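As stored in start.txt (compact mmCIF, N, CA and C atoms):
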# COMPACT_ATOMS: atom_id res chain seq x y z
N MET A 169 81.83 114.19 95.71
CA MET A 169 82.84 114.96 96.43
C MET A 169 84.19 114.94 95.69
N TRP A 170 84.57 113.75 95.17
CA TRP A 170 85.83 113.64 94.46
C TRP A 170 85.62 113.69 92.95
N GLY A 171 84.39 113.61 92.49
CA GLY A 171 84.10 113.67 91.07
C GLY A 171 84.28 112.35 90.35
N LYS A 172 84.50 111.26 91.09
CA LYS A 172 84.66 109.95 90.47
C LYS A 172 84.30 108.86 91.47
N TYR A 173 84.68 107.63 91.20
CA TYR A 173 84.36 106.45 91.99
C TYR A 173 84.84 106.57 93.43
N LEU A 174 84.03 106.07 94.37
CA LEU A 174 84.39 106.07 95.79
C LEU A 174 85.32 104.90 96.08
N ASN A 175 86.57 105.18 96.29
CA ASN A 175 87.54 104.16 96.65
C ASN A 175 87.41 103.89 98.14
N CYS A 176 87.48 102.62 98.54
CA CYS A 176 87.29 102.23 99.93
C CYS A 176 88.36 102.84 100.84
N ALA A 177 89.61 102.81 100.41
CA ALA A 177 90.69 103.36 101.23
C ALA A 177 90.57 104.87 101.39
N ARG A 178 90.21 105.57 100.30
CA ARG A 178 90.05 107.02 100.39
C ARG A 178 88.86 107.40 101.26
N LEU A 179 87.79 106.61 101.18
CA LEU A 179 86.62 106.86 102.00
C LEU A 179 86.94 106.65 103.48
N GLN A 180 87.69 105.61 103.80
CA GLN A 180 88.10 105.37 105.19
C GLN A 180 88.98 106.51 105.70
N LYS A 181 89.86 107.00 104.85
CA LYS A 181 90.73 108.11 105.23
C LYS A 181 89.91 109.37 105.49
N HIS A 182 88.90 109.61 104.65
CA HIS A 182 88.05 110.78 104.81
C HIS A 182 87.23 110.69 106.10
N ILE A 183 86.68 109.51 106.38
CA ILE A 183 85.88 109.35 107.60
C ILE A 183 86.77 109.46 108.84
N ALA A 184 88.02 109.04 108.74
CA ALA A 184 88.95 109.21 109.86
C ALA A 184 89.14 110.69 110.18
N LYS A 185 89.17 111.54 109.16
CA LYS A 185 89.26 112.98 109.38
C LYS A 185 87.97 113.51 110.00
N LEU A 186 86.83 112.99 109.52
CA LEU A 186 85.55 113.42 110.07
C LEU A 186 85.40 113.05 111.54
N ARG A 187 85.97 111.92 111.93
CA ARG A 187 85.86 111.46 113.32
C ARG A 187 86.51 112.43 114.30
N LYS A 188 87.48 113.20 113.83
CA LYS A 188 88.14 114.15 114.71
C LYS A 188 87.29 115.39 114.95
N ARG A 189 86.39 115.72 113.99
CA ARG A 189 85.63 116.96 114.06
C ARG A 189 84.14 116.79 114.33
N ASN A 190 83.57 115.69 113.89
CA ASN A 190 82.13 115.51 113.94
C ASN A 190 81.76 114.59 115.11
N PRO A 191 80.89 115.04 116.02
CA PRO A 191 80.53 114.19 117.17
C PRO A 191 79.77 112.92 116.77
N PHE A 192 79.06 112.93 115.63
CA PHE A 192 78.35 111.73 115.19
C PHE A 192 79.35 110.62 114.87
N TRP A 193 80.39 110.94 114.12
CA TRP A 193 81.35 109.92 113.71
C TRP A 193 82.21 109.45 114.87
N GLU A 194 82.27 110.22 115.96
CA GLU A 194 83.01 109.77 117.14
C GLU A 194 82.32 108.60 117.80
N LEU A 195 80.98 108.52 117.68
CA LEU A 195 80.22 107.43 118.29
C LEU A 195 80.39 106.11 117.54
N VAL A 196 80.71 106.20 116.25
CA VAL A 196 80.86 104.99 115.43
C VAL A 196 82.26 104.43 115.62
N GLY A 197 82.35 103.14 115.94
CA GLY A 197 83.64 102.51 116.17
C GLY A 197 84.46 102.37 114.90
N SER A 198 85.75 102.18 115.08
CA SER A 198 86.65 102.09 113.92
C SER A 198 86.33 100.87 113.05
N GLN A 199 86.00 99.74 113.68
CA GLN A 199 85.67 98.55 112.91
C GLN A 199 84.35 98.71 112.19
N ALA A 200 83.41 99.45 112.80
CA ALA A 200 82.13 99.70 112.13
C ALA A 200 82.32 100.59 110.92
N VAL A 201 83.21 101.58 111.02
CA VAL A 201 83.52 102.44 109.87
C VAL A 201 84.12 101.61 108.74
N GLN A 202 85.00 100.70 109.09
CA GLN A 202 85.60 99.82 108.09
C GLN A 202 84.53 98.96 107.42
N ASP A 203 83.59 98.44 108.18
CA ASP A 203 82.51 97.63 107.63
C ASP A 203 81.60 98.46 106.72
N ILE A 204 81.31 99.69 107.10
CA ILE A 204 80.49 100.59 106.27
C ILE A 204 81.17 100.83 104.94
N CYS A 205 82.46 101.12 104.97
CA CYS A 205 83.20 101.39 103.74
C CYS A 205 83.26 100.15 102.85
N GLN A 206 83.41 98.97 103.44
CA GLN A 206 83.45 97.76 102.65
C GLN A 206 82.10 97.45 102.02
N ARG A 207 81.00 97.76 102.73
CA ARG A 207 79.67 97.55 102.15
C ARG A 207 79.45 98.48 100.96
N ILE A 208 79.87 99.74 101.09
CA ILE A 208 79.74 100.70 99.99
C ILE A 208 80.58 100.25 98.80
N GLU A 209 81.79 99.80 99.05
CA GLU A 209 82.69 99.31 98.00
C GLU A 209 82.06 98.13 97.26
N LYS A 210 81.51 97.19 98.03
CA LYS A 210 80.90 96.00 97.43
C LYS A 210 79.69 96.37 96.58
N ALA A 211 78.88 97.31 97.05
CA ALA A 211 77.69 97.73 96.30
C ALA A 211 78.08 98.42 95.00
N TYR A 212 79.09 99.27 95.04
CA TYR A 212 79.52 99.95 93.81
C TYR A 212 80.17 98.98 92.84
N GLN A 213 80.91 98.00 93.33
CA GLN A 213 81.51 97.01 92.43
C GLN A 213 80.42 96.22 91.72
N LEU A 214 79.35 95.84 92.44
CA LEU A 214 78.23 95.15 91.83
C LEU A 214 77.57 96.03 90.78
N PHE A 215 77.41 97.31 91.08
CA PHE A 215 76.80 98.24 90.13
C PHE A 215 77.63 98.35 88.86
N PHE A 216 78.94 98.50 88.97
CA PHE A 216 79.78 98.68 87.80
C PHE A 216 79.88 97.40 86.96
N MET A 217 79.81 96.23 87.60
CA MET A 217 79.89 94.98 86.85
C MET A 217 78.59 94.67 86.12
N GLN A 218 77.45 95.08 86.69
CA GLN A 218 76.17 94.66 86.13
C GLN A 218 75.26 95.84 85.78
N HIS A 219 75.81 97.02 85.52
CA HIS A 219 74.95 98.16 85.24
C HIS A 219 74.23 98.03 83.90
N LYS A 220 74.75 97.21 82.98
CA LYS A 220 74.07 97.00 81.70
C LYS A 220 72.82 96.15 81.86
N LYS A 221 72.75 95.38 82.94
CA LYS A 221 71.59 94.53 83.20
C LYS A 221 70.48 95.26 83.94
N GLY A 222 70.69 96.53 84.25
CA GLY A 222 69.66 97.31 84.92
C GLY A 222 69.87 97.48 86.41
N VAL A 223 71.04 97.09 86.93
CA VAL A 223 71.32 97.28 88.35
C VAL A 223 71.54 98.76 88.61
N ARG A 224 70.89 99.27 89.63
CA ARG A 224 70.98 100.70 89.94
C ARG A 224 72.13 100.97 90.90
N PRO A 225 72.55 102.24 90.99
CA PRO A 225 73.59 102.58 91.97
C PRO A 225 73.09 102.27 93.38
N PRO A 226 74.00 102.05 94.31
CA PRO A 226 73.58 101.67 95.66
C PRO A 226 72.79 102.79 96.34
N GLY A 227 71.77 102.38 97.04
CA GLY A 227 71.01 103.30 97.87
C GLY A 227 71.37 103.02 99.33
N PHE A 228 71.03 103.91 100.18
CA PHE A 228 71.39 103.76 101.58
C PHE A 228 70.13 103.78 102.41
N LYS A 229 70.04 102.85 103.35
CA LYS A 229 68.86 102.78 104.20
C LYS A 229 69.22 103.19 105.62
N LYS A 230 68.18 103.38 106.42
CA LYS A 230 68.39 103.80 107.80
C LYS A 230 69.02 102.67 108.60
N VAL A 231 69.66 103.05 109.69
CA VAL A 231 70.35 102.08 110.54
C VAL A 231 69.36 101.07 111.09
N LYS A 232 68.16 101.50 111.43
CA LYS A 232 67.17 100.61 112.03
C LYS A 232 66.68 99.54 111.06
N LYS A 233 66.86 99.75 109.77
CA LYS A 233 66.37 98.80 108.78
C LYS A 233 67.40 97.75 108.39
N TYR A 234 68.64 97.86 108.87
CA TYR A 234 69.64 96.85 108.58
C TYR A 234 69.27 95.55 109.27
N LYS A 235 69.44 94.43 108.59
CA LYS A 235 69.11 93.14 109.16
C LYS A 235 70.25 92.58 110.01
N SER A 236 71.48 93.02 109.72
CA SER A 236 72.60 92.53 110.51
C SER A 236 73.77 93.50 110.42
N PHE A 237 74.65 93.39 111.39
CA PHE A 237 75.93 94.10 111.32
C PHE A 237 76.95 93.28 112.08
N THR A 238 78.21 93.45 111.69
CA THR A 238 79.30 92.66 112.26
C THR A 238 80.33 93.57 112.90
N LEU A 239 80.71 93.22 114.12
CA LEU A 239 81.79 93.92 114.81
C LEU A 239 82.99 92.98 114.81
N LYS A 240 84.11 93.45 114.29
CA LYS A 240 85.25 92.56 114.10
C LYS A 240 86.12 92.45 115.36
N GLN A 241 86.76 93.53 115.78
CA GLN A 241 87.68 93.42 116.90
C GLN A 241 87.31 94.35 118.05
N SER A 242 86.60 95.39 117.77
CA SER A 242 86.26 96.34 118.82
C SER A 242 84.80 96.73 118.69
N GLY A 243 84.32 97.49 119.67
CA GLY A 243 82.93 97.94 119.65
C GLY A 243 82.05 97.13 120.57
N TYR A 244 82.59 96.10 121.18
CA TYR A 244 81.84 95.28 122.10
C TYR A 244 82.74 94.85 123.25
N LYS A 245 82.10 94.49 124.36
CA LYS A 245 82.86 93.99 125.50
C LYS A 245 81.96 93.06 126.30
N PHE A 246 82.43 91.86 126.56
CA PHE A 246 81.67 90.93 127.37
C PHE A 246 81.86 91.28 128.83
N ILE A 247 80.74 91.48 129.51
CA ILE A 247 80.74 91.81 130.93
C ILE A 247 80.22 90.57 131.66
N GLY A 248 80.65 90.38 132.88
CA GLY A 248 80.19 89.21 133.63
C GLY A 248 78.68 89.18 133.77
N ALA A 249 78.17 88.08 134.26
CA ALA A 249 76.74 87.86 134.50
C ALA A 249 75.93 87.91 133.20
N ASN A 250 76.46 87.30 132.14
CA ASN A 250 75.74 87.17 130.86
C ASN A 250 75.30 88.50 130.28
N ARG A 251 76.19 89.42 130.19
CA ARG A 251 75.91 90.73 129.60
C ARG A 251 77.01 91.09 128.62
N VAL A 252 76.63 91.85 127.59
CA VAL A 252 77.57 92.34 126.60
C VAL A 252 77.29 93.82 126.39
N LYS A 253 78.35 94.61 126.29
CA LYS A 253 78.21 96.04 126.07
C LYS A 253 78.58 96.32 124.61
N ILE A 254 77.61 96.87 123.87
CA ILE A 254 77.82 97.24 122.47
C ILE A 254 77.58 98.73 122.37
N GLY A 255 78.64 99.48 122.07
CA GLY A 255 78.53 100.93 122.06
C GLY A 255 78.31 101.42 123.47
N GLN A 256 77.21 102.14 123.69
CA GLN A 256 76.88 102.65 125.02
C GLN A 256 75.82 101.81 125.73
N LYS A 257 75.24 100.83 125.05
CA LYS A 257 74.16 100.03 125.62
C LYS A 257 74.68 98.70 126.13
N VAL A 258 74.04 98.21 127.21
CA VAL A 258 74.35 96.91 127.78
C VAL A 258 73.17 96.00 127.51
N TYR A 259 73.45 94.84 126.90
CA TYR A 259 72.41 93.87 126.57
C TYR A 259 72.62 92.62 127.41
N GLN A 260 71.50 92.00 127.79
CA GLN A 260 71.56 90.74 128.49
C GLN A 260 71.51 89.62 127.46
N LEU A 261 72.27 88.56 127.67
CA LEU A 261 72.29 87.47 126.72
C LEU A 261 72.20 86.14 127.42
N TRP A 262 71.83 85.14 126.66
CA TRP A 262 71.80 83.77 127.15
C TRP A 262 72.83 82.99 126.37
N LYS A 263 73.80 82.44 127.09
CA LYS A 263 74.87 81.68 126.44
C LYS A 263 74.47 80.21 126.35
N SER A 264 74.61 79.66 125.15
CA SER A 264 74.37 78.22 125.02
C SER A 264 75.58 77.45 125.53
N ARG A 265 76.75 78.09 125.51
CA ARG A 265 77.96 77.51 126.08
C ARG A 265 78.93 78.63 126.42
N GLU A 266 79.91 78.34 127.22
CA GLU A 266 80.89 79.35 127.61
C GLU A 266 81.83 79.67 126.45
N ILE A 267 82.23 80.92 126.37
CA ILE A 267 83.17 81.36 125.34
C ILE A 267 84.57 81.28 125.95
N GLU A 268 85.31 80.26 125.54
CA GLU A 268 86.62 80.02 126.13
C GLU A 268 87.76 80.42 125.20
N GLU A 269 87.49 80.61 123.93
CA GLU A 269 88.53 80.89 122.94
C GLU A 269 88.55 82.37 122.59
N THR A 270 89.43 82.73 121.66
CA THR A 270 89.55 84.11 121.20
C THR A 270 88.40 84.45 120.26
N VAL A 271 87.70 85.56 120.54
CA VAL A 271 86.56 85.97 119.72
C VAL A 271 87.09 86.67 118.48
N LYS A 272 86.67 86.19 117.29
CA LYS A 272 87.07 86.80 116.02
C LYS A 272 86.08 87.88 115.59
N THR A 273 84.81 87.52 115.51
CA THR A 273 83.78 88.48 115.12
C THR A 273 82.53 88.27 115.95
N LEU A 274 81.73 89.31 116.05
CA LEU A 274 80.45 89.26 116.73
C LEU A 274 79.42 89.84 115.77
N THR A 275 78.42 89.06 115.39
CA THR A 275 77.41 89.49 114.43
C THR A 275 76.07 89.59 115.13
N ILE A 276 75.40 90.71 114.95
CA ILE A 276 74.06 90.92 115.48
C ILE A 276 73.08 90.81 114.33
N LYS A 277 72.09 89.94 114.47
CA LYS A 277 71.07 89.76 113.45
C LYS A 277 69.72 90.18 114.03
N ARG A 278 68.94 90.89 113.21
CA ARG A 278 67.63 91.38 113.62
C ARG A 278 66.56 90.67 112.80
N THR A 279 65.52 90.14 113.48
CA THR A 279 64.42 89.48 112.79
C THR A 279 63.38 90.51 112.40
N ALA A 280 62.37 90.08 111.66
CA ALA A 280 61.30 90.97 111.25
C ALA A 280 60.48 91.44 112.44
N LEU A 281 60.48 90.68 113.53
CA LEU A 281 59.75 91.05 114.73
C LEU A 281 60.53 91.98 115.64
N GLY A 282 61.77 92.27 115.28
CA GLY A 282 62.59 93.17 116.08
C GLY A 282 63.45 92.48 117.11
N GLU A 283 63.47 91.15 117.11
CA GLU A 283 64.30 90.41 118.04
C GLU A 283 65.75 90.47 117.59
N LEU A 284 66.66 90.46 118.53
CA LEU A 284 68.09 90.50 118.22
C LEU A 284 68.73 89.16 118.57
N PHE A 285 69.55 88.66 117.66
CA PHE A 285 70.30 87.44 117.89
C PHE A 285 71.78 87.75 117.70
N MET A 286 72.61 87.17 118.54
CA MET A 286 74.04 87.42 118.47
C MET A 286 74.75 86.11 118.13
N ALA A 287 75.61 86.17 117.12
CA ALA A 287 76.43 85.03 116.72
C ALA A 287 77.88 85.40 116.95
N VAL A 288 78.59 84.57 117.70
CA VAL A 288 80.00 84.82 118.02
C VAL A 288 80.84 83.79 117.30
N VAL A 289 81.83 84.27 116.53
CA VAL A 289 82.76 83.38 115.84
C VAL A 289 84.07 83.41 116.62
N VAL A 290 84.55 82.24 117.02
CA VAL A 290 85.77 82.15 117.81
C VAL A 290 86.85 81.40 117.04
N ASP A 291 88.09 81.67 117.41
CA ASP A 291 89.23 80.97 116.85
C ASP A 291 89.51 79.79 117.77
N CYS A 292 89.24 78.59 117.30
CA CYS A 292 89.32 77.42 118.17
C CYS A 292 90.26 76.38 117.55
N VAL A 293 91.17 75.92 118.34
CA VAL A 293 92.02 74.81 117.94
C VAL A 293 91.58 73.63 118.79
N SER A 294 90.81 72.75 118.20
CA SER A 294 90.28 71.63 118.96
C SER A 294 91.14 70.39 118.72
N GLU A 295 91.17 69.60 119.74
CA GLU A 295 91.90 68.34 119.63
C GLU A 295 91.03 67.37 118.84
N SER A 296 91.68 66.54 118.05
CA SER A 296 90.92 65.58 117.26
C SER A 296 90.31 64.53 118.20
N GLU A 297 89.03 64.32 118.01
CA GLU A 297 88.33 63.35 118.85
C GLU A 297 88.33 62.00 118.15
N LYS A 298 88.42 60.95 118.93
CA LYS A 298 88.35 59.62 118.36
C LYS A 298 86.89 59.30 118.08
N LYS A 299 86.62 58.87 116.86
CA LYS A 299 85.27 58.49 116.50
C LYS A 299 85.02 57.05 116.93
N ILE A 300 83.83 56.86 117.44
CA ILE A 300 83.46 55.53 117.89
C ILE A 300 82.86 54.78 116.71
N GLU A 301 83.49 53.66 116.40
CA GLU A 301 82.99 52.83 115.31
C GLU A 301 82.47 51.54 115.92
N THR A 302 81.24 51.23 115.60
CA THR A 302 80.62 50.04 116.18
C THR A 302 80.57 48.86 115.24
N GLY A 303 80.87 49.10 113.98
CA GLY A 303 80.82 47.99 113.04
C GLY A 303 81.02 48.49 111.62
N LYS A 304 80.53 47.71 110.66
CA LYS A 304 80.71 48.06 109.27
C LYS A 304 79.42 48.59 108.65
N ILE A 305 78.53 49.13 109.47
CA ILE A 305 77.26 49.65 108.98
C ILE A 305 77.38 51.16 108.86
N ALA A 306 76.86 51.71 107.76
CA ALA A 306 76.88 53.15 107.54
C ALA A 306 75.50 53.60 107.08
N GLY A 307 75.14 54.83 107.42
CA GLY A 307 73.85 55.37 107.01
C GLY A 307 74.03 56.49 106.02
N PHE A 308 73.21 56.52 104.98
CA PHE A 308 73.29 57.54 103.97
C PHE A 308 71.90 58.14 103.76
N ASP A 309 71.87 59.43 103.51
CA ASP A 309 70.61 60.13 103.33
C ASP A 309 70.60 60.80 101.96
N LEU A 310 69.64 60.48 101.14
CA LEU A 310 69.46 61.15 99.85
C LEU A 310 68.47 62.27 100.07
N GLY A 311 68.97 63.49 100.25
CA GLY A 311 68.11 64.60 100.60
C GLY A 311 67.73 65.46 99.39
N LEU A 312 66.91 66.47 99.66
CA LEU A 312 66.48 67.38 98.62
C LEU A 312 67.51 68.46 98.34
N LYS A 313 68.16 68.96 99.40
CA LYS A 313 69.14 70.04 99.21
C LYS A 313 70.53 69.51 98.88
N THR A 314 70.90 68.42 99.52
CA THR A 314 72.19 67.78 99.22
C THR A 314 71.91 66.40 98.64
N ASP A 315 72.73 66.01 97.69
CA ASP A 315 72.50 64.75 96.99
C ASP A 315 72.71 63.55 97.91
N LEU A 316 73.83 63.54 98.63
CA LEU A 316 74.17 62.40 99.44
C LEU A 316 74.84 62.86 100.71
N THR A 317 74.32 62.45 101.86
CA THR A 317 74.90 62.78 103.15
C THR A 317 75.19 61.49 103.88
N CYS A 318 76.39 61.39 104.38
CA CYS A 318 76.78 60.18 105.11
C CYS A 318 76.49 60.38 106.60

Spit out the file's structure as structure tokens when you get a sec.
Amino acid sequence: MWGKYLNCARLQKHIAKLRKRNPFWELVGSQAVQDICQRIEKAYQLFFMQHKKGVRPPGFKKVKKYKSFTLKQSGYKFIGANRVKIGQKVYQLWKSREIEETVKTLTIKRTALGELFMAVVVDCVSESEKKIETGKIAGFDLGLKTDLTC
């Protein structure tokens, strides 16, 4: 369209214009558009850095084939009774604990079986807890993935 490299900022500006005219782009949230543009930018940067090694230009897959997507500030809303609204759909969820802090991002992960998992990242300022020390004994683990774990 521009005859050269897709700049992330120019692509976001172009999609913002499309959102005013095209009903498809109206359904996509602003944070999702930003994430799409950043993924395209990252893929092209990888291509330009490693094209001599045989890396191909980025291809695009269908929405249903994505393994995960992240919503940063908008596009979701927590509704009472363990429900979350993402776009136009309402999903039921099971909370392992209550969300008391400010939500930073919400990531949806899809398994090969089609199950959906939601990971919520919160901004938490926790008070330092006092560690209970019972003596001068310590345990160390020499693992396979990490050399030494205390």

Handout entry: Backbone DSSP call of alpha helix (DSSP H) for stretch 178-307 of chain A, listed as a PyMOL selection string
Key = chain A and resi 178-189+191-195+198-218

For the selection just defined, write its residues with N, CA and C atoms to a file, as a compact mmCIF listing (two decimals), keeping the file's coordinate frame.
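Output file out.txt is given in full below:
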# COMPACT_ATOMS: atom_id res chain seq x y z
N ARG A 178 90.21 105.57 100.30
CA ARG A 178 90.05 107.02 100.39
C ARG A 178 88.86 107.40 101.26
N LEU A 179 87.79 106.61 101.18
CA LEU A 179 86.62 106.86 102.00
C LEU A 179 86.94 106.65 103.48
N GLN A 180 87.69 105.61 103.80
CA GLN A 180 88.10 105.37 105.19
C GLN A 180 88.98 106.51 105.70
N LYS A 181 89.86 107.00 104.85
CA LYS A 181 90.73 108.11 105.23
C LYS A 181 89.91 109.37 105.49
N HIS A 182 88.90 109.61 104.65
CA HIS A 182 88.05 110.78 104.81
C HIS A 182 87.23 110.69 106.10
N ILE A 183 86.68 109.51 106.38
CA ILE A 183 85.88 109.35 107.60
C ILE A 183 86.77 109.46 108.84
N ALA A 184 88.02 109.04 108.74
CA ALA A 184 88.95 109.21 109.86
C ALA A 184 89.14 110.69 110.18
N LYS A 185 89.17 111.54 109.16
CA LYS A 185 89.26 112.98 109.38
C LYS A 185 87.97 113.51 110.00
N LEU A 186 86.83 112.99 109.52
CA LEU A 186 85.55 113.42 110.07
C LEU A 186 85.40 113.05 111.54
N ARG A 187 85.97 111.92 111.93
CA ARG A 187 85.86 111.46 113.32
C ARG A 187 86.51 112.43 114.30
N LYS A 188 87.48 113.20 113.83
CA LYS A 188 88.14 114.15 114.71
C LYS A 188 87.29 115.39 114.95
N ARG A 189 86.39 115.72 113.99
CA ARG A 189 85.63 116.96 114.06
C ARG A 189 84.14 116.79 114.33
N PRO A 191 80.89 115.04 116.02
CA PRO A 191 80.53 114.19 117.17
C PRO A 191 79.77 112.92 116.77
N PHE A 192 79.06 112.93 115.63
CA PHE A 192 78.35 111.73 115.19
C PHE A 192 79.35 110.62 114.87
N TRP A 193 80.39 110.94 114.12
CA TRP A 193 81.35 109.92 113.71
C TRP A 193 82.21 109.45 114.87
N GLU A 194 82.27 110.22 115.96
CA GLU A 194 83.01 109.77 117.14
C GLU A 194 82.32 108.60 117.80
N LEU A 195 80.98 108.52 117.68
CA LEU A 195 80.22 107.43 118.29
C LEU A 195 80.39 106.11 117.54
N SER A 198 85.75 102.18 115.08
CA SER A 198 86.65 102.09 113.92
C SER A 198 86.33 100.87 113.05
N GLN A 199 86.00 99.74 113.68
CA GLN A 199 85.67 98.55 112.91
C GLN A 199 84.35 98.71 112.19
N ALA A 200 83.41 99.45 112.80
CA ALA A 200 82.13 99.70 112.13
C ALA A 200 82.32 100.59 110.92
N VAL A 201 83.21 101.58 111.02
CA VAL A 201 83.52 102.44 109.87
C VAL A 201 84.12 101.61 108.74
N GLN A 202 85.00 100.70 109.09
CA GLN A 202 85.60 99.82 108.09
C GLN A 202 84.53 98.96 107.42
N ASP A 203 83.59 98.44 108.18
CA ASP A 203 82.51 97.63 107.63
C ASP A 203 81.60 98.46 106.72
N ILE A 204 81.31 99.69 107.10
CA ILE A 204 80.49 100.59 106.27
C ILE A 204 81.17 100.83 104.94
N CYS A 205 82.46 101.12 104.97
CA CYS A 205 83.20 101.39 103.74
C CYS A 205 83.26 100.15 102.85
N GLN A 206 83.41 98.97 103.44
CA GLN A 206 83.45 97.76 102.65
C GLN A 206 82.10 97.45 102.02
N ARG A 207 81.00 97.76 102.73
CA ARG A 207 79.67 97.55 102.15
C ARG A 207 79.45 98.48 100.96
N ILE A 208 79.87 99.74 101.09
CA ILE A 208 79.74 100.70 99.99
C ILE A 208 80.58 100.25 98.80
N GLU A 209 81.79 99.80 99.05
CA GLU A 209 82.69 99.31 98.00
C GLU A 209 82.06 98.13 97.26
N LYS A 210 81.51 97.19 98.03
CA LYS A 210 80.90 96.00 97.43
C LYS A 210 79.69 96.37 96.58
N ALA A 211 78.88 97.31 97.05
CA ALA A 211 77.69 97.73 96.30
C ALA A 211 78.08 98.42 95.00
N TYR A 212 79.09 99.27 95.04
CA TYR A 212 79.52 99.95 93.81
C TYR A 212 80.17 98.98 92.84
N GLN A 213 80.91 98.00 93.33
CA GLN A 213 81.51 97.01 92.43
C GLN A 213 80.42 96.22 91.72
N LEU A 214 79.35 95.84 92.44
CA LEU A 214 78.23 95.15 91.83
C LEU A 214 77.57 96.03 90.78
N PHE A 215 77.41 97.31 91.08
CA PHE A 215 76.80 98.24 90.13
C PHE A 215 77.63 98.35 88.86
N PHE A 216 78.94 98.50 88.97
CA PHE A 216 79.78 98.68 87.80
C PHE A 216 79.88 97.40 86.96
N MET A 217 79.81 96.23 87.60
CA MET A 217 79.89 94.98 86.85
C MET A 217 78.59 94.67 86.12
N GLN A 218 77.45 95.08 86.69
CA GLN A 218 76.17 94.66 86.13
C GLN A 218 75.26 95.84 85.78

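Reported to one decimal place, the separation of atom C of A:Ser198 from atom C of A:Met217 is 28.7 Å.
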
Exercise for the section: Go through stretch 178-285 of chain A and collect every residue that DSSP, computed from the backbone, puts in strand (DSSP E); the answer should be as JSON, numbers by chain. Expected result: {"A": [236, 237, 238, 239, 244, 245, 246, 247, 251, 252, 253, 254, 257, 258, 259, 260, 270, 271, 272, 273, 274, 275, 276, 277, 278, 284, 285]}

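For the choices A:Asn190, A:Gln213, A:Ser264, A:Thr275, the atom-to-atom distance to A:Lys240 is smallest for A:Thr275 when using only N, CA and C atoms.
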
Exercise for the section: Return the single residue from A:Phe285, A:Val258, A:Ile247, A:Ser242 that is closest to A:Gly197, with distances computed using only N, CA and C atoms. Expected result: A:Ser242

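The space between atom CA of A:Asn175 and atom CA of A:Arg207 spans 11.7 Å.
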
Handout entry: Between atom C of A:Gln180 and atom C of A:Val201, distance in Å (one decimal)
Key = 7.5 Å

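Residue nearest A:Gly255 within the list A:Leu195, A:Ile183, A:Met286, A:Leu281: A:Leu195 [criterion: smallest interatomic distance, only N, CA and C atoms].
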
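Restricting the calculation to only C-alpha atoms, the smallest distance between A:Asp291 and any of A:Lys221, A:Thr238, A:Gln199, A:Glu268 is found for A:Glu268.
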